[in-house]
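Chemist: Next comes final-v9.tsv, TSV, C-alpha atoms and all ligand atoms:
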```
chain	number	residue	atom	x	y	z
A	1	MET	CA	0.00	0.00	0.00
A	2	TYR	CA	1.06	3.59	-0.31
A	3	ILE	CA	-0.14	7.02	0.65
A	4	GLU	CA	-0.95	9.11	-2.44
A	5	ASN	CA	-1.31	12.47	-0.80
A	6	ILE	CA	-1.71	14.27	2.48
A	7	SER	CA	-3.36	17.56	3.47
A	8	LEU	CA	-2.79	19.18	6.81
A	9	ARG	CA	-4.66	22.00	8.41
A	10	ASN	CA	-3.47	23.58	11.68
A	11	TYR	CA	-1.29	20.57	12.36
A	12	ARG	CA	1.66	21.50	14.65
A	13	ASN	CA	3.67	24.16	12.76
A	14	TYR	CA	1.68	23.72	9.48
A	15	THR	CA	-1.21	26.09	8.79
A	16	GLU	CA	-1.97	24.48	5.47
A	17	LEU	CA	-0.04	21.80	3.58
A	18	ASN	CA	-0.87	19.70	0.52
A	19	LEU	CA	1.60	17.12	-0.72
A	20	ALA	CA	1.45	14.30	-3.26
A	21	PHE	CA	3.72	11.27	-2.92
A	22	GLU	CA	4.94	8.52	-5.17
A	23	ASN	CA	5.14	4.87	-4.32
A	24	LYS	CA	8.85	4.90	-3.60
A	25	VAL	CA	11.31	6.48	-1.17
A	26	ASN	CA	10.46	10.06	-0.23
A	27	VAL	CA	13.24	11.99	1.48
A	28	ILE	CA	12.29	14.96	3.65
A	29	LEU	CA	15.26	17.26	4.13
A	30	GLY	CA	15.58	20.31	6.36
A	31	GLU	CA	17.39	21.96	9.23
A	32	ASN	CA	16.45	21.30	12.85
A	33	ALA	CA	13.00	22.25	14.14
A	34	GLN	CA	11.56	23.09	10.70
A	35	GLY	CA	8.79	20.47	10.66
A	36	LYS	CA	10.29	17.24	9.24
A	37	THR	CA	9.17	15.00	12.09
A	38	ASN	CA	5.80	16.76	12.15
A	39	VAL	CA	5.06	15.51	8.60
A	40	MET	CA	6.08	11.96	9.51
A	41	GLU	CA	4.03	12.16	12.67
A	42	SER	CA	0.97	13.34	10.72
A	43	ILE	CA	1.16	10.26	8.46
A	44	PHE	CA	1.49	8.08	11.56
A	45	VAL	CA	-1.47	9.81	13.24
A	46	LEU	CA	-3.64	9.43	10.11
A	47	ALA	CA	-2.95	5.68	10.29
A	48	MET	CA	-3.04	5.04	14.03
A	49	ALA	CA	-5.31	7.85	15.30
A	50	LYS	CA	-2.61	8.67	17.82
A	51	SER	CA	0.91	10.03	17.85
A	52	HIS	CA	4.06	8.02	18.43
A	53	ARG	CA	5.59	10.80	20.50
A	54	THR	CA	2.83	12.15	22.69
A	55	SER	CA	-0.30	10.83	24.31
A	56	ASN	CA	-1.68	14.36	24.58
A	57	ASP	CA	-3.58	14.94	21.32
A	58	LYS	CA	-3.94	18.67	22.03
A	59	GLU	CA	-0.22	19.11	21.33
A	60	LEU	CA	-0.94	18.24	17.69
A	61	ILE	CA	-3.18	21.27	17.22
A	62	ARG	CA	-1.39	24.38	16.01
A	63	TRP	CA	-0.99	26.87	18.84
A	64	ASP	CA	-4.01	29.17	19.28
A	65	GLU	CA	-6.17	27.11	16.91
A	66	GLU	CA	-9.30	25.12	17.75
A	67	TYR	CA	-8.69	21.98	15.74
A	68	ALA	CA	-6.22	20.13	13.52
A	69	LYS	CA	-7.18	18.13	10.46
A	70	ILE	CA	-5.27	15.47	8.52
A	71	GLU	CA	-6.60	14.10	5.25
A	72	GLY	CA	-5.00	11.60	2.93
A	73	ARG	CA	-5.67	8.87	0.41
A	74	VAL	CA	-4.19	5.44	0.81
A	75	ARG	CA	-3.92	3.17	-2.22
A	76	LYS	CA	-4.37	-0.53	-1.70
A	77	ARG	CA	-4.35	-2.82	-4.70
A	78	ASN	CA	-6.81	-1.10	-7.08
A	79	THR	CA	-8.65	1.13	-4.66
A	80	SER	CA	-7.87	4.51	-3.25
A	81	ILE	CA	-9.37	5.09	0.19
A	82	PRO	CA	-9.87	8.62	1.57
A	83	LEU	CA	-9.09	8.93	5.28
A	84	GLU	CA	-9.73	11.92	7.49
A	85	LEU	CA	-8.93	12.64	11.12
A	86	THR	CA	-9.99	15.75	12.99
A	87	ILE	CA	-8.53	16.51	16.40
A	88	SER	CA	-10.19	19.12	18.55
A	89	LYS	CA	-10.20	19.92	22.23
A	90	LYS	CA	-13.37	17.81	22.51
A	91	GLY	CA	-11.76	14.69	21.01
A	92	LYS	CA	-11.09	12.94	17.72
A	93	LYS	CA	-13.32	12.22	14.74
A	94	ALA	CA	-12.25	9.72	12.12
A	95	LYS	CA	-13.70	9.18	8.65
A	96	CYS	CA	-13.00	6.44	6.18
A	97	ASN	CA	-14.53	6.72	2.68
A	98	HIS	CA	-16.18	9.95	3.97
A	99	ILE	CA	-18.13	7.95	6.57
A	100	GLU	CA	-17.58	8.74	10.22
A	101	GLN	CA	-16.33	5.72	12.16
A	102	ARG	CA	-18.10	5.19	15.46
A	103	LYS	CA	-15.09	3.55	17.06
A	104	LEU	CA	-11.42	4.42	16.51
A	105	SER	CA	-10.62	0.71	16.82
A	106	GLN	CA	-12.57	0.21	13.58
A	107	TYR	CA	-10.77	3.07	11.85
A	108	VAL	CA	-7.20	2.01	12.73
A	109	GLY	CA	-5.88	-0.56	10.31
A	110	ASN	CA	-7.12	1.08	7.09
A	111	MET	CA	-3.58	2.29	6.54
A	112	ASN	CA	-0.63	0.40	8.00
A	113	VAL	CA	2.59	2.08	9.02
A	114	VAL	CA	5.83	1.04	10.67
A	115	MET	CA	7.71	3.87	12.33
A	116	PHE	CA	11.40	3.65	13.11
A	117	ALA	CA	12.48	6.66	15.15
A	118	PRO	CA	15.49	7.32	17.40
A	119	GLU	CA	13.48	6.30	20.46
A	120	ASP	CA	13.06	2.83	18.90
A	121	LEU	CA	16.79	2.30	19.26
A	122	ASN	CA	15.78	2.30	22.90
A	123	LEU	CA	13.48	-0.67	22.45
A	124	VAL	CA	15.96	-3.06	24.03
A	125	LYS	CA	17.55	-0.82	26.63
A	126	GLY	CA	14.55	1.33	27.57
A	127	SER	CA	11.85	0.71	30.13
A	128	PRO	CA	9.23	-2.06	29.75
A	129	ILE	CA	6.65	0.58	28.72
A	130	VAL	CA	8.52	1.06	25.41
A	131	ARG	CA	8.39	-2.67	24.67
A	132	ARG	CA	4.73	-2.99	25.66
A	133	ARG	CA	3.86	-0.03	23.44
A	134	PHE	CA	5.74	-1.73	20.61
A	135	ILE	CA	3.72	-4.95	20.76
A	136	ASP	CA	0.41	-3.22	21.42
A	137	MET	CA	0.80	-0.84	18.47
A	138	GLU	CA	1.74	-3.63	16.10
A	139	ILE	CA	-0.97	-6.08	17.08
A	140	GLY	CA	-3.50	-3.23	17.16
A	141	GLN	CA	-2.82	-2.39	13.51
A	142	VAL	CA	-3.84	-5.78	12.28
A	143	SER	CA	-6.44	-6.63	14.93
A	144	PRO	CA	-9.34	-4.29	15.80
A	145	VAL	CA	-10.43	-6.90	18.36
A	146	TYR	CA	-7.12	-6.51	20.20
A	147	LEU	CA	-7.49	-2.72	20.25
A	148	HIS	CA	-10.98	-3.08	21.66
A	149	ASP	CA	-9.82	-5.60	24.30
A	150	MET	CA	-6.95	-3.31	25.28
A	151	SER	CA	-9.22	-0.35	25.74
A	152	GLN	CA	-11.68	-2.38	27.86
A	153	TYR	CA	-8.77	-3.78	29.85
A	154	HIS	CA	-7.44	-0.32	30.68
A	155	LYS	CA	-10.88	0.89	31.74
A	156	ILE	CA	-11.30	-2.05	34.12
A	157	LEU	CA	-7.72	-1.65	35.37
A	158	GLN	CA	-8.45	1.97	36.28
A	159	GLN	CA	-11.68	1.03	38.06
A	160	ARG	CA	-9.93	-1.81	39.87
A	161	ASN	CA	-7.07	0.41	41.02
A	162	HIS	CA	-9.57	3.01	42.18
A	163	TYR	CA	-11.48	0.40	44.19
A	164	LEU	CA	-8.26	-1.03	45.66
A	165	LYS	CA	-7.36	2.50	46.85
A	166	LEU	CA	-10.78	2.79	48.54
A	167	LEU	CA	-10.18	-0.52	50.31
A	168	GLN	CA	-6.63	0.48	51.23
A	169	THR	CA	-7.79	3.72	52.85
A	170	ARG	CA	-10.82	1.96	54.40
A	171	LYS	CA	-13.27	4.27	52.69
A	172	GLN	CA	-14.77	0.99	51.53
A	173	THR	CA	-14.70	-2.36	53.32
A	174	ASP	CA	-16.86	-4.65	51.17
A	175	THR	CA	-14.74	-6.60	48.65
A	176	THR	CA	-17.64	-7.90	46.50
A	177	MET	CA	-17.12	-5.17	43.90
A	178	LEU	CA	-13.40	-5.98	43.77
A	179	ASP	CA	-14.22	-9.61	43.00
A	180	VAL	CA	-16.55	-8.59	40.17
A	181	LEU	CA	-13.87	-6.32	38.67
A	182	THR	CA	-11.23	-9.03	39.08
A	183	ASP	CA	-13.33	-11.51	37.09
A	184	GLN	CA	-13.80	-9.00	34.25
A	185	PHE	CA	-10.13	-8.03	34.38
A	186	ILE	CA	-8.99	-11.65	34.05
A	187	GLN	CA	-11.14	-12.31	30.96
A	188	TYR	CA	-9.45	-9.46	29.06
A	189	ALA	CA	-5.97	-10.07	30.52
A	190	ALA	CA	-5.93	-13.68	29.34
A	191	LYS	CA	-7.13	-12.76	25.83
A	192	ILE	CA	-4.46	-10.06	25.53
A	193	VAL	CA	-1.65	-12.32	26.71
A	194	GLU	CA	-2.76	-15.12	24.39
A	195	ARG	CA	-2.71	-12.73	21.40
A	196	ARG	CA	0.71	-11.37	22.41
A	197	TYR	CA	2.18	-14.88	22.51
A	198	GLU	CA	0.78	-15.59	19.07
A	199	PHE	CA	2.19	-12.33	17.66
A	200	LEU	CA	5.64	-12.86	19.20
A	201	SER	CA	5.97	-16.36	17.86
A	202	LYS	CA	5.33	-15.02	14.32
A	203	LEU	CA	7.64	-12.07	14.90
A	204	GLN	CA	10.35	-14.47	16.04
A	205	GLN	CA	10.09	-16.41	12.78
A	206	TRP	CA	10.79	-13.26	10.76
A	207	ALA	CA	13.22	-11.50	13.09
A	208	GLU	CA	15.62	-14.42	13.52
A	209	PRO	CA	16.77	-14.74	9.86
A	210	ILE	CA	16.77	-10.94	9.43
A	211	HIS	CA	18.99	-10.50	12.50
A	212	SER	CA	21.25	-13.27	11.32
A	213	GLY	CA	21.64	-11.48	7.94
A	214	ILE	CA	22.47	-8.12	9.52
A	215	SER	CA	24.98	-9.72	11.87
A	216	ARG	CA	26.63	-11.65	9.02
A	217	ASN	CA	25.40	-14.97	10.43
A	218	LEU	CA	27.14	-14.41	13.75
A	219	GLU	CA	24.11	-13.86	15.96
A	220	VAL	CA	20.91	-15.71	16.77
A	221	LEU	CA	18.08	-13.53	18.09
A	222	LYS	CA	15.39	-14.95	20.36
A	223	ILE	CA	12.40	-13.06	21.70
A	224	GLN	CA	10.76	-14.09	24.94
A	225	TYR	CA	7.59	-12.87	26.61
A	226	LYS	CA	8.08	-12.18	30.30
A	227	PRO	CA	4.70	-12.34	32.03
A	228	SER	CA	4.13	-10.91	35.50
A	229	LEU	CA	2.79	-14.28	36.67
A	230	ASP	CA	3.27	-17.94	35.77
A	231	VAL	CA	1.47	-18.23	32.45
A	232	SER	CA	3.09	-19.71	29.37
A	233	GLU	CA	2.65	-19.98	25.63
A	234	SER	CA	1.48	-23.58	25.84
A	235	MET	CA	-1.58	-22.70	27.96
A	236	ASP	CA	-4.98	-22.26	26.39
A	237	LEU	CA	-7.33	-19.45	27.40
A	238	THR	CA	-9.16	-21.53	30.05
A	239	LYS	CA	-5.90	-22.54	31.72
A	240	MET	CA	-4.63	-18.93	31.69
A	241	ILE	CA	-7.87	-17.73	33.31
A	242	GLU	CA	-7.43	-20.42	35.97
A	243	VAL	CA	-3.84	-19.33	36.70
A	244	TYR	CA	-4.87	-15.66	36.90
A	245	THR	CA	-7.78	-16.48	39.22
A	246	GLU	CA	-5.56	-18.47	41.60
A	247	LYS	CA	-2.95	-15.70	41.62
A	248	PHE	CA	-5.45	-12.93	42.35
A	249	ASP	CA	-6.92	-14.99	45.21
A	250	LYS	CA	-3.43	-15.38	46.65
A	251	ILE	CA	-2.43	-11.72	46.41
A	252	LYS	CA	-5.76	-10.16	47.38
A	253	THR	CA	-4.59	-8.96	50.81
A	254	ARG	CA	-1.31	-7.65	49.42
A	255	GLU	CA	-3.10	-5.76	46.62
A	256	ILE	CA	-5.43	-4.13	49.15
A	257	GLU	CA	-2.44	-3.15	51.31
A	258	ARG	CA	-0.69	-1.64	48.28
A	259	GLY	CA	-3.84	-0.17	46.71
A	260	VAL	CA	-2.85	-1.21	43.19
A	261	THR	CA	-3.18	-4.10	40.66
A	262	LEU	CA	0.04	-6.08	40.90
A	263	VAL	CA	-0.13	-8.46	37.92
A	264	GLY	CA	-1.49	-8.36	34.38
A	265	PRO	CA	-0.44	-7.50	30.82
A	266	HIS	CA	0.23	-3.89	31.93
A	267	ARG	CA	3.16	-5.27	33.97
A	268	ASP	CA	4.48	-7.82	31.47
A	269	ASP	CA	7.67	-7.34	29.47
A	270	LEU	CA	9.77	-8.72	26.61
A	271	VAL	CA	13.31	-10.05	26.77
A	272	PHE	CA	15.63	-10.32	23.79
A	273	PHE	CA	18.46	-12.83	23.68
A	274	VAL	CA	21.42	-12.78	21.30
A	275	ASN	CA	23.32	-16.07	21.27
A	276	ASP	CA	21.44	-16.99	24.46
A	277	ARG	CA	22.50	-13.88	26.37
A	278	ASP	CA	20.10	-11.16	27.46
A	279	VAL	CA	20.86	-8.23	25.11
A	280	GLN	CA	19.56	-5.64	27.56
A	281	THR	CA	22.16	-6.65	30.15
A	282	TYR	CA	25.02	-8.04	28.09
A	283	GLY	CA	24.56	-6.72	24.55
A	284	SER	CA	26.83	-4.10	23.01
A	285	GLN	CA	25.23	-0.94	21.69
A	286	GLY	CA	25.64	-2.36	18.17
A	287	GLN	CA	23.82	-5.57	19.09
A	288	GLN	CA	21.02	-3.57	20.65
A	289	ARG	CA	20.68	-1.51	17.48
A	290	THR	CA	20.73	-4.59	15.27
A	291	THR	CA	18.00	-6.10	17.46
A	292	ALA	CA	15.83	-2.98	17.14
A	293	LEU	CA	16.36	-2.88	13.37
A	294	SER	CA	15.63	-6.61	12.98
A	295	LEU	CA	12.39	-6.21	14.91
A	296	LYS	CA	11.25	-3.31	12.72
A	297	LEU	CA	12.08	-5.15	9.51
A	298	ALA	CA	10.34	-8.24	10.86
A	299	GLU	CA	7.28	-6.14	11.58
A	300	ILE	CA	7.13	-5.06	7.94
A	301	GLU	CA	7.16	-8.69	6.80
A	302	LEU	CA	4.66	-9.72	9.43
A	303	ILE	CA	2.15	-7.07	8.38
A	304	HIS	CA	2.65	-8.18	4.77
A	305	GLU	CA	1.95	-11.75	5.81
A	306	GLU	CA	-1.19	-10.78	7.76
A	307	ILE	CA	-2.81	-8.39	5.28
A	308	GLY	CA	-1.17	-9.21	1.96
A	309	GLU	CA	0.36	-5.74	1.48
A	310	TYR	CA	3.50	-4.02	2.66
A	311	PRO	CA	2.94	-1.23	5.20
A	312	ILE	CA	4.33	2.29	4.76
A	313	LEU	CA	7.71	2.72	6.46
A	314	LEU	CA	8.53	5.92	8.32
A	315	LEU	CA	12.24	6.38	9.09
A	316	ASP	CA	12.50	9.43	11.29
A	317	ASP	CA	16.08	10.58	11.69
A	318	VAL	CA	17.46	7.06	12.10
A	319	LEU	CA	19.45	6.46	8.91
A	320	SER	CA	22.34	8.55	10.16
A	321	GLU	CA	22.23	6.59	13.45
A	322	LEU	CA	23.03	3.32	11.66
A	323	ASP	CA	26.45	2.32	10.37
A	324	ASP	CA	27.03	1.80	6.63
A	325	PHE	CA	26.36	-1.93	6.72
A	326	ARG	CA	23.08	-1.62	8.61
A	327	GLN	CA	22.02	1.33	6.44
A	328	SER	CA	22.60	-0.69	3.25
A	329	HIS	CA	20.83	-3.70	4.70
A	330	LEU	CA	17.79	-1.59	5.51
A	331	LEU	CA	17.73	0.17	2.13
A	332	ASN	CA	18.23	-3.09	0.23
A	333	THR	CA	15.35	-4.67	2.10
A	334	ILE	CA	12.83	-1.96	1.27
A	335	GLN	CA	14.03	-1.25	-2.26
A	336	GLY	CA	11.16	-1.28	-4.73
A	337	LYS	CA	8.60	-2.84	-2.41
A	338	VAL	CA	7.89	-0.52	0.53
A	339	GLN	CA	6.84	3.13	0.27
A	340	THR	CA	9.25	4.82	2.64
A	341	PHE	CA	9.59	8.28	4.15
A	342	VAL	CA	13.00	9.33	5.38
A	343	THR	CA	13.67	12.48	7.37
A	344	THR	CA	17.23	13.62	7.69
A	345	PRO	CA	19.13	16.93	7.88
A	346	SER	CA	21.31	15.72	4.99
A	347	VAL	CA	21.85	12.71	2.71
A	348	ASP	CA	25.58	13.39	2.45
A	349	GLY	CA	27.53	10.22	3.04
A	350	ILE	CA	24.57	7.93	2.30
A	351	ASP	CA	25.46	6.46	-1.05
A	352	HIS	CA	22.71	4.10	-2.07
A	353	GLN	CA	20.73	3.69	-5.25
A	354	THR	CA	17.42	3.78	-3.34
A	355	LEU	CA	18.18	7.32	-2.20
A	356	ARG	CA	19.49	8.44	-5.58
A	357	GLU	CA	16.14	7.46	-7.11
A	358	ALA	CA	14.07	8.99	-4.31
A	359	SER	CA	11.70	11.99	-4.45
A	360	THR	CA	13.08	14.79	-2.32
A	361	PHE	CA	11.23	17.45	-0.37
A	362	TYR	CA	12.74	20.42	1.43
A	363	VAL	CA	11.18	21.76	4.64
A	364	SER	CA	11.66	25.23	5.97
A	365	GLN	CA	9.61	26.86	8.70
A	366	GLY	CA	6.47	24.86	8.21
A	367	SER	CA	6.41	24.94	4.43
A	368	ILE	CA	7.55	22.20	2.05
A	369	LYS	CA	8.74	22.24	-1.55
A	370	LYS	CA	9.37	19.24	-3.77
A	371	VAL	CA	12.90	19.62	-5.11
A	372	LYS	CA	13.35	16.35	-6.99
B	401	LIG	N1	1.34	22.58	18.36
B	401	LIG	C1	2.27	23.27	17.69
B	401	LIG	N2	1.95	24.46	17.09
B	401	LIG	C2	2.87	25.16	16.40
B	401	LIG	N3	4.15	24.76	16.26
B	401	LIG	C3	4.53	23.63	16.83
B	401	LIG	C4	3.61	22.81	17.58
B	401	LIG	N4	4.27	21.73	18.03
B	401	LIG	C5	5.55	21.84	17.60
B	401	LIG	N5	5.72	22.98	16.88
B	401	LIG	C6	6.94	23.46	16.22
B	401	LIG	O1	7.38	22.49	15.30
B	401	LIG	C7	8.77	22.58	15.18
B	401	LIG	C8	9.42	21.23	15.34
B	401	LIG	O2	9.16	20.49	14.23
B	401	LIG	P1	9.74	19.01	14.06
B	401	LIG	O3	9.68	18.29	15.35
B	401	LIG	O4	9.04	18.44	12.90
B	401	LIG	O5	11.27	19.34	13.77
B	401	LIG	P2	12.28	18.63	12.77
B	401	LIG	O6	12.31	19.38	11.50
B	401	LIG	O7	11.99	17.18	12.71
B	401	LIG	O8	13.65	18.91	13.53
B	401	LIG	P3	14.73	17.92	14.18
B	401	LIG	O9	15.63	17.54	13.05
B	401	LIG	O10	15.37	18.82	15.17
B	401	LIG	O11	14.01	16.79	14.80
B	401	LIG	C9	9.31	23.47	16.26
B	401	LIG	O12	9.64	24.70	15.67
B	401	LIG	C10	8.11	23.59	17.18
B	401	LIG	O13	8.11	24.83	17.82
```
Please rewrite the model in this file as structure tokens.
Ligand SMILES: Nc1ncnc2c1ncn2[C@@H]1O[C@H](COP(=O)(O)OP(=O)(O)OP(=O)(O)O)[C@@H](O)[C@H]1O
Modeler:
Amino acid sequence: MYIENISLRNYRNYTELNLAFENKVNVILGENAQGKTNVMESIFVLAMAKSHRTSNDKELIRWDEEYAKIEGRVRKRNTSIPLELTISKKGKKAKCNHIEQRKLSQYVGNMNVVMFAPEDLNLVKGSPIVRRRFIDMEIGQVSPVYLHDMSQYHKILQQRNHYLKLLQTRKQTDTTMLDVLTDQFIQYAAKIVERRYEFLSKLQQWAEPIHSGISRNLEVLKIQYKPSLDVSESMDLTKMIEVYTEKFDKIKTREIERGVTLVGPHRDDLVFFVNDRDVQTYGSQGQQRTTALSLKLAEIELIHEEIGEYPILLLDDVLSELDDFRQSHLLNTIQGKVQTFVTTPSVDGIDHQTLREASTFYVSQGSIKKVK
């Protein structure tokens, strides 16, 4: 798939912007703080209905304006689908084919994107939140059901934490409501964990050969899910629910003392192993970067496998962070098959045919010109 055009209104530092793109590599050049990342972000937001760098949607609206609007057309096989997202202080409205979508979980997935930004180099080293966001975003793109389950899960988690606080401070003494919330919580938790296991096993199949290629056959990458309680990939949903129920019974008093939910997918993590050693603890910076790159490239293949089309790749300021070998590997992989956007202050020193054939745009103070 590829994005044919994008129009922005009052989006970050753009008052009005209309750009058409080709189905190839599009390089966005410009000095610092001119609006390169903002364009990338707008494509990401049009696809995912949320930003990769902030959870506060209001930041996306141009200062002193009431709303921001992103429109674009995504081409899939022989159809061109118009998408529209309006962000105002009251919330978000999403349209697909000019029809307003009642739920954002139904809207997300019309256009698929994979973003690789400097913060993704932190995927291995960073906090568990970064890794959870990574899996949730990726599964969410191909599974509206997962997005729906996640949103229900977070609602129940909030209610449960609130109730645990009431019990902790003795503003409430009856635990019946806690038990009801726990039952609901477990149903969603087990479904989420089951889907994560399934996703990771597919991701592993793609990431392992890719990592091996980038490391010149020297390294074997393994991905492991690290749950916050004793569940495992081999368990079916019923067994997982049983394990969760037993655990919550056991920790009930401790949870009330602490006033917070102690186990669940919101506390789970991922561990990456290179040649059987934990990369977070023992990996060099290079190995950590190769792992992050392998995961992103694996994601592209996985989305292709799931939906039959390659997603759009957004490379925000990361090319210059990779050494020549990794850069070439990345550019060779996408060449001719993945519409890609690259932001960079300069392409000097990146000598690759993919970039020589690319369309080039120049950004300066919130306005963009196509230069090639
Ligand atoms: N809501 C907003 N309204 C108006 N301007 C904004 C808003 N949010 C950010 N900006 C402006 O956008 C600019 C930053 O743009 P962007 O993050 O795209 O930079 P960039 O070109 O990618 O630079 P760098 O290479 O440093 O990352 C800054 O000048 C910032 O002040």
Chemist: Quick one: distance from atom CA of Asn217 of chain A to atom CA of Phe341 of chain A in Å, one decimal?
Modeler: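 According to the coordinates, atom CA of Asn217 of chain A and atom CA of Phe341 of chain A are separated by 28.8 Å.
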Chemist: Please put the answer as AutoDock Vina command-line options: centre and edge lengths, in Å with one decimal, of a box along x, y and z that encloses all listed atoms of ligand LIG 401 (chain B) plus 4 Å on each side.
Modeler:
```
--center_x 8.5 --center_y 21.0 --center_z 14.9 --size_x 22.3 --size_y 16.4 --size_z 14.9
```
Chemist: Set the distance at 8 Å and use all atoms listed in the file: which residues neighbour Ile223 of chain A once local chain neighbours fewer than 5 positions away are removed? I'd like the list as a PyMOL selection string.
Modeler: chain A and resi 200+204+270-273
Chemist: Ligand LIG 401 (chain B): which residues are within 12 Å, counting only C-alpha atoms and all ligand atoms? Reply as a PyMOL selection string.
Modeler: chain A and resi 9-16+28-42+53-54+56-68+87+117-119+315-318+320+342-346+362-368
Chemist: Hey, could you make a per-residue contact list for segment 103-189 of chain A against segment 244-267 of chain A with 7 Å as the cut-off, showing the nearest pair of atoms and its distance in Å to one decimal, counting all atoms listed in the file, sorted by chain and number, as a Markdown table?
Modeler:
```
| residue | atom | partner | partner_atom | distance |
| --- | --- | --- | --- | --- |
| A:Asn161 | CA | A:Val260 | CA | 5.0 |
| A:Leu164 | CA | A:Gly259 | CA | 4.6 |
| A:Lys165 | CA | A:Gly259 | CA | 4.4 |
| A:Leu167 | CA | A:Ile256 | CA | 6.1 |
| A:Gln168 | CA | A:Ile256 | CA | 5.2 |
| A:Ile186 | CA | A:Tyr244 | CA | 6.4 |
| A:Ala189 | CA | A:Pro265 | CA | 6.1 |
```
Chemist: Hey, which of A:Leu203, A:Leu85, A:Leu104, A:Leu19 ends up closest to Glu305 of chain A? Count only C-alpha atoms.
Modeler: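 Result for the nearest residue to Glu305 of chain A: A:Leu203.
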Chemist: Name the residues in contact with segment 44-49 of chain A at a cut-off of 9 Å, using all atoms listed in the file, excluding same-chain residues fewer than 5 positions from it; report them as number ranges by chain.
Modeler: A: 39, 70-72, 83-85, 92, 94, 104, 107-115, 137, 140-141, 314
Chemist: Please tabulate, as CSV, the residues of segment 87-164 of chain A that come within 9 Å of segment 279-301 of chain A, each with its closest pair of atoms and the distance in Å to one decimal, counting all atoms listed in the file and ordering rows by chain, then residue number upward.
Modeler:
```
residue,atom,partner,partner_atom,distance
A:Val113,CA,A:Ile300,CA,8.5
A:Val114,CA,A:Ile300,CA,6.8
A:Met115,CA,A:Lys296,CA,8.0
A:Phe116,CA,A:Lys296,CA,7.0
A:Asp120,CA,A:Ala292,CA,6.7
A:Leu121,CA,A:Arg289,CA,5.7
A:Asn122,CA,A:Ala292,CA,7.8
A:Leu123,CA,A:Ala292,CA,6.2
A:Val124,CA,A:Gln280,CA,5.7
A:Lys125,CA,A:Gln280,CA,5.3
A:Gly126,CA,A:Gln280,CA,8.6
A:Glu138,CA,A:Glu299,CA,7.6
```
Chemist: Do you have the atom CA of Gln327 of chain A-atom CA of His304 of chain A distance handy?
Modeler: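 Rounded to one decimal, the two atoms are 21.6 Å apart.
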Chemist: Give as a PyMOL selection string each residue that has an atom at most 12 Å from (-0.1, -14.2, 17.2) in the file, counting all atoms listed in the file.
Modeler: chain A and resi 135-136+138-140+142-143+146+191-205+233+302-303+305-306
Chemist: In Å, how far is it from atom CA of Tyr188 of chain A to atom CA of His154 of chain A?
Modeler: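 Straight-line distance from atom CA of Tyr188 of chain A to atom CA of His154 of chain A works out to 9.5 Å.
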